[in-house]
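What follows is a short report on a single structure.
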Amino acid sequence: MKAKLFFARVFFFCFLSALCIAGMSATVACDDGGEDSSDDDADDDLDDDVNDDVNDDLDDDVNDDVNDDLDDDADDDVNDDIDDDVDDDVDDDTYPTHDEIFIVHGRITVDGQSDVVAGFGLTAPAVYSAEMIFVNRADEEETKHQPTWDVDPGEDNYCVSLLQGNYDIWMTWTGYSNESFQWFRWEALWREDLAVTQDTELHLDHELFHVHGRVENQSGEDVEFQKVWLFTEPIISARGEESFEYYDYTDENGEYSITAPAGDYFYSVDVYDEGFDVLPHFEENLNVAADLEKNVTLQSPQDLPVSTFTTPSTARRRRGPTTRSAAAWTWKMKRTA
């Protein structure tokens, strides 16, 4: 009996031990399964992140390639347009070629000399300017050019590029003396219908004459610091007007000097100072064909009856007719009977 009880206890103890070992194995097995699941999730997340990064990089590369292709296409279009424009310009028959452009060059002199100040009789120091205008007779297109005066004597002082054609050459001069207050302006047509079919050398000289003299009153006294003016009636053309003006002031001895090209002129002595007790002087058709001495004795208003004085009929006298008594000192007036 005791032996049976002993074996029963042993069997029961073995059974309990087996149950405990089986439970621990099950627990370990559960724990191992949990760790594997966590590791799988982490691995999955890493794989997803790597895949996302790879896909993003691929997308960026694709976008960059597409943008590069678009930029290349745009550049190609722009270059094609530029090439087309250049080709159109080259193919345009109206665009001048080198063979159709010629050089016209030469020297401009004043009274045979390159010294403009001395040539125009200005008292130094003086300032002046000159401009050449080449007018194409076919379409009236103008090419303007300013000569260069800082050159050695005998060297060209102008050079201009022109298309083949026929040209009229105009020239405009202005000058002023800071010392004597001389002033002039001259605009003239110098050459008509110049045929430009090759490089051309053309020299232009301005032949001038000197008009000088003395201005006095009726008592033979010097009339000083008054304006003496020589000018032409403007000649109006389709291109502009041809005209000449030159004035000088008498010095302390009543003397003056004017330089002008050949022609017929209006001549006036403008008196602004009533203290001289003289009337202005005016005359028409003063012919200048050589150096000319022109002396003037101004009349006294007391020696004249009441008369009518009116401005000369010229656009340079920018005032309308004026009626005054003989004792009035008027501006650029002439006596009419």
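Here, A, B, ... name the chains of the structure tokens in the order displayed, residue numbers run from 1 inside each chain, and ligands are numbered from 1 in the same displayed order.
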
Apply DSSP to the structure's backbone, then extract all residues of range 189-321 of chain A labelled strand (DSSP E) and return them as a PyMOL selection string. chain A and resi 189-196+200-201+204-206+209-216+227-231+235-236+241-249+255-260+263-270+281-288+292-293+296-297+308-310

Using only C-alpha atoms, determine which residues lie at most 8 Å from Leu163 in chain A, disregarding the query and same-chain residues fewer than 4 positions distant; provide the list as number ranges by chain. A: 96, 100-102, 196

What's around range 219-224 of chain A at 6 Å? Count only C-alpha atoms, leave out sequence neighbours fewer than 2 positions away in its own chain, and write the answer as a PyMOL selection string. chain A and resi 215-217+226+250-254

May I have the residues within 10 Å of Trp170 in chain A as a list in words, using only C-alpha atoms and disregarding those fewer than 2 positions away in the same chain?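 What passes the distance filter is Glu131, Met132, Ile133, Phe134, Val135, Lys144, Tyr167, Asp168, Thr172, Glu187, Ala188, Leu189, Trp190, Arg191, Glu192, Arg239, Gly240 and Glu242 of chain A.
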
How about saving the chosen residues, N, CA, C and O atoms kept, as a PDB file, in the first residue's frame?
ATOM      1  N   GLU A 131      27.910 122.073 -90.107  1.00  0.00           N
ATOM      2  CA  GLU A 131      27.258 120.796 -90.353  1.00  0.00           C
ATOM      3  C   GLU A 131      26.998 120.645 -91.847  1.00  0.00           C
ATOM      4  O   GLU A 131      26.472 121.551 -92.493  1.00  0.00           O
ATOM      5  N   MET A 132      27.374 119.484 -92.377  1.00  0.00           N
ATOM      6  CA  MET A 132      27.097 119.146 -93.767  1.00  0.00           C
ATOM      7  C   MET A 132      25.851 118.267 -93.815  1.00  0.00           C
ATOM      8  O   MET A 132      25.671 117.380 -92.971  1.00  0.00           O
ATOM      9  N   ILE A 133      24.985 118.519 -94.795  1.00  0.00           N
ATOM     10  CA  ILE A 133      23.785 117.715 -94.968  1.00  0.00           C
ATOM     11  C   ILE A 133      23.767 117.207 -96.405  1.00  0.00           C
ATOM     12  O   ILE A 133      23.704 118.009 -97.354  1.00  0.00           O
ATOM     13  N   PHE A 134      23.842 115.882 -96.561  1.00  0.00           N
ATOM     14  CA  PHE A 134      23.770 115.250 -97.873  1.00  0.00           C
ATOM     15  C   PHE A 134      22.335 114.769 -98.075  1.00  0.00           C
ATOM     16  O   PHE A 134      21.865 113.890 -97.341  1.00  0.00           O
ATOM     17  N   VAL A 135      21.647 115.338 -99.065  1.00  0.00           N
ATOM     18  CA  VAL A 135      20.237 115.023 -99.311  1.00  0.00           C
ATOM     19  C   VAL A 135      20.130 114.154-100.560  1.00  0.00           C
ATOM     20  O   VAL A 135      20.507 114.596-101.655  1.00  0.00           O
ATOM     21  N   LYS A 144      23.644 113.559 -92.159  1.00  0.00           N
ATOM     22  CA  LYS A 144      24.297 114.734 -91.583  1.00  0.00           C
ATOM     23  C   LYS A 144      25.686 114.361 -91.070  1.00  0.00           C
ATOM     24  O   LYS A 144      25.910 113.265 -90.570  1.00  0.00           O
ATOM     25  N   TYR A 167      23.146 113.339-104.910  1.00  0.00           N
ATOM     26  CA  TYR A 167      22.965 114.099-103.674  1.00  0.00           C
ATOM     27  C   TYR A 167      23.127 115.601-103.900  1.00  0.00           C
ATOM     28  O   TYR A 167      23.954 116.034-104.718  1.00  0.00           O
ATOM     29  N   ASP A 168      22.329 116.369-103.128  1.00  0.00           N
ATOM     30  CA  ASP A 168      22.571 117.793-102.955  1.00  0.00           C
ATOM     31  C   ASP A 168      23.297 117.974-101.622  1.00  0.00           C
ATOM     32  O   ASP A 168      22.953 117.323-100.630  1.00  0.00           O
ATOM     33  N   THR A 172      25.582 124.312 -93.106  1.00  0.00           N
ATOM     34  CA  THR A 172      25.128 125.325 -92.151  1.00  0.00           C
ATOM     35  C   THR A 172      26.288 125.723 -91.248  1.00  0.00           C
ATOM     36  O   THR A 172      26.929 124.866 -90.644  1.00  0.00           O
ATOM     37  N   GLU A 187      23.466 129.444 -94.119  1.00  0.00           N
ATOM     38  CA  GLU A 187      22.952 128.172 -94.591  1.00  0.00           C
ATOM     39  C   GLU A 187      22.822 128.254 -96.101  1.00  0.00           C
ATOM     40  O   GLU A 187      22.141 129.146 -96.628  1.00  0.00           O
ATOM     41  N   ALA A 188      23.439 127.330 -96.820  1.00  0.00           N
ATOM     42  CA  ALA A 188      23.485 127.432 -98.273  1.00  0.00           C
ATOM     43  C   ALA A 188      23.589 126.061 -98.918  1.00  0.00           C
ATOM     44  O   ALA A 188      24.067 125.091 -98.307  1.00  0.00           O
ATOM     45  N   LEU A 189      23.133 125.996-100.165  1.00  0.00           N
ATOM     46  CA  LEU A 189      23.284 124.815-101.001  1.00  0.00           C
ATOM     47  C   LEU A 189      24.623 124.919-101.718  1.00  0.00           C
ATOM     48  O   LEU A 189      24.846 125.823-102.525  1.00  0.00           O
ATOM     49  N   TRP A 190      25.521 123.980-101.427  1.00  0.00           N
ATOM     50  CA  TRP A 190      26.885 124.077-101.938  1.00  0.00           C
ATOM     51  C   TRP A 190      27.116 123.287-103.211  1.00  0.00           C
ATOM     52  O   TRP A 190      27.949 123.654-104.037  1.00  0.00           O
ATOM     53  N   ARG A 191      26.401 122.197-103.361  1.00  0.00           N
ATOM     54  CA  ARG A 191      26.623 121.382-104.552  1.00  0.00           C
ATOM     55  C   ARG A 191      25.320 120.678-104.895  1.00  0.00           C
ATOM     56  O   ARG A 191      24.671 120.092-104.034  1.00  0.00           O
ATOM     57  N   GLU A 192      24.927 120.735-106.147  1.00  0.00           N
ATOM     58  CA  GLU A 192      23.718 120.075-106.606  1.00  0.00           C
ATOM     59  C   GLU A 192      24.070 118.824-107.410  1.00  0.00           C
ATOM     60  O   GLU A 192      25.030 118.806-108.183  1.00  0.00           O
ATOM     61  N   ARG A 239      13.748 121.886 -99.321  1.00  0.00           N
ATOM     62  CA  ARG A 239      14.673 121.406 -98.298  1.00  0.00           C
ATOM     63  C   ARG A 239      14.747 122.345 -97.099  1.00  0.00           C
ATOM     64  O   ARG A 239      14.870 121.923 -95.960  1.00  0.00           O
ATOM     65  N   GLY A 240      14.638 123.649 -97.323  1.00  0.00           N
ATOM     66  CA  GLY A 240      14.793 124.626 -96.255  1.00  0.00           C
ATOM     67  C   GLY A 240      14.988 126.002 -96.848  1.00  0.00           C
ATOM     68  O   GLY A 240      14.457 126.321 -97.920  1.00  0.00           O
ATOM     69  N   GLU A 242      17.846 129.168 -97.809  1.00  0.00           N
ATOM     70  CA  GLU A 242      19.205 129.665 -97.940  1.00  0.00           C
ATOM     71  C   GLU A 242      19.223 131.095 -97.413  1.00  0.00           C
ATOM     72  O   GLU A 242      18.425 131.935 -97.830  1.00  0.00           O
TER      73      GLU A 242
END

Residues near Arg185 in chain A, anyone? I mean within 10 Å using only C-alpha atoms, not counting same-chain ones fewer than 4 positions away, as a PyMOL selection string. chain A and resi 128-130+172-176+231+243-247

Work out how far apart CA of Gln113 in chain A and CA of Thr148 in chain A are and give it in Å to one decimal.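 Atom-to-atom, CA of Gln113 in chain A and CA of Thr148 in chain A are spaced 14.4 Å apart.
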
Just to confirm, what's the straight-line distance from CA of Val228 in chain A to CA of Val269 in chain A in Å (one decimal)?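 Pair CA of Val228 in chain A / CA of Val269 in chain A returns 4.5 Å.
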
Tell me, in Å to one decimal, how far CA of Asp139 in chain A is from CA of Gly165 in chain A. 10.0 Å

Which polymer residues have any atom within 9 Å of an atom of Asn287 in chain A, counting only C-alpha atoms, with same-chain residues fewer than 6 positions away left out, as number ranges by chain? A: 262-265

Dump N, CA and C atoms for the selected residues as a short mmCIF file (atom, residue, chain, number, x, y, z; two decimals), in the first residue's frame?
data_model
loop_
_atom_site.label_atom_id
_atom_site.label_comp_id
_atom_site.auth_asym_id
_atom_site.auth_seq_id
_atom_site.Cartn_x
_atom_site.Cartn_y
_atom_site.Cartn_z
N ALA A 262 29.90 136.51 -101.91
CA ALA A 262 29.39 137.42 -102.93
C ALA A 262 27.87 137.37 -102.97
N GLY A 263 27.25 138.51 -103.23
CA GLY A 263 25.79 138.56 -103.31
C GLY A 263 25.27 139.95 -103.09
N ASP A 264 23.94 140.07 -103.13
CA ASP A 264 23.24 141.33 -102.86
C ASP A 264 22.63 141.24 -101.47
N TYR A 265 22.79 142.32 -100.69
CA TYR A 265 22.45 142.29 -99.28
C TYR A 265 21.62 143.48 -98.86
#

Find the residues near Leu279 in chain A: any atom within 7 Å, counting only C-alpha atoms, skip ones fewer than 2 places away on the same chain, and give them as number ranges by chain. A: 271, 281, 298-301, 329

What would the file look like if the residues just selected were written as an mmCIF file, in the first residue's frame with N, CA and C atoms?
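out_11.cif was written with the following content:
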data_model
loop_
_atom_site.group_PDB
_atom_site.id
_atom_site.type_symbol
_atom_site.label_atom_id
_atom_site.label_comp_id
_atom_site.auth_asym_id
_atom_site.auth_seq_id
_atom_site.Cartn_x
_atom_site.Cartn_y
_atom_site.Cartn_z
ATOM 1 N N VAL A 271 20.813 151.807 -84.266
ATOM 2 C CA VAL A 271 21.242 152.728 -83.207
ATOM 3 C C VAL A 271 20.299 152.554 -82.025
ATOM 4 N N HIS A 281 20.175 153.598 -89.936
ATOM 5 C CA HIS A 281 20.421 153.638 -91.382
ATOM 6 C C HIS A 281 20.063 152.281 -91.982
ATOM 7 N N LEU A 298 25.352 158.958 -90.307
ATOM 8 C CA LEU A 298 23.966 158.888 -89.870
ATOM 9 C C LEU A 298 23.344 160.276 -89.803
ATOM 10 N N GLN A 299 22.069 160.366 -90.154
ATOM 11 C CA GLN A 299 21.362 161.639 -90.164
ATOM 12 C C GLN A 299 20.759 161.941 -88.804
ATOM 13 N N SER A 300 20.547 163.228 -88.575
ATOM 14 C CA SER A 300 19.931 163.670 -87.334
ATOM 15 C C SER A 300 18.430 163.809 -87.544
ATOM 16 N N PRO A 301 17.617 163.426 -86.597
ATOM 17 C CA PRO A 301 16.164 163.570 -86.755
ATOM 18 C C PRO A 301 15.738 165.028 -86.859
ATOM 19 N N TRP A 329 13.485 156.870 -82.128
ATOM 20 C CA TRP A 329 14.569 155.948 -82.507
ATOM 21 C C TRP A 329 13.967 154.546 -82.562
#

A:Asp291, A:Asp277, A:Asp199, A:Asp270: which is nearest Phe225 in chain A, counting only C-alpha atoms?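 Of A:Asp291, A:Asp277, A:Asp199, A:Asp270, the one nearest Phe225 in chain A is A:Asp270, counting only C-alpha atoms.
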
Measuring between only C-alpha atoms, which one of A:Tyr272, A:Trp186, A:Tyr249, A:Tyr158 shows the shortest distance to His145 in chain A?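 For His145 in chain A, the nearest of the candidates is A:Tyr158.
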
Go through A:Glu283, A:Asp205, A:Glu293, A:Glu233 and flag the residue nearest Glu255 in chain A, using only C-alpha atoms for the distances.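 Answer, going by the shortest atom-to-atom distance: A:Glu293.
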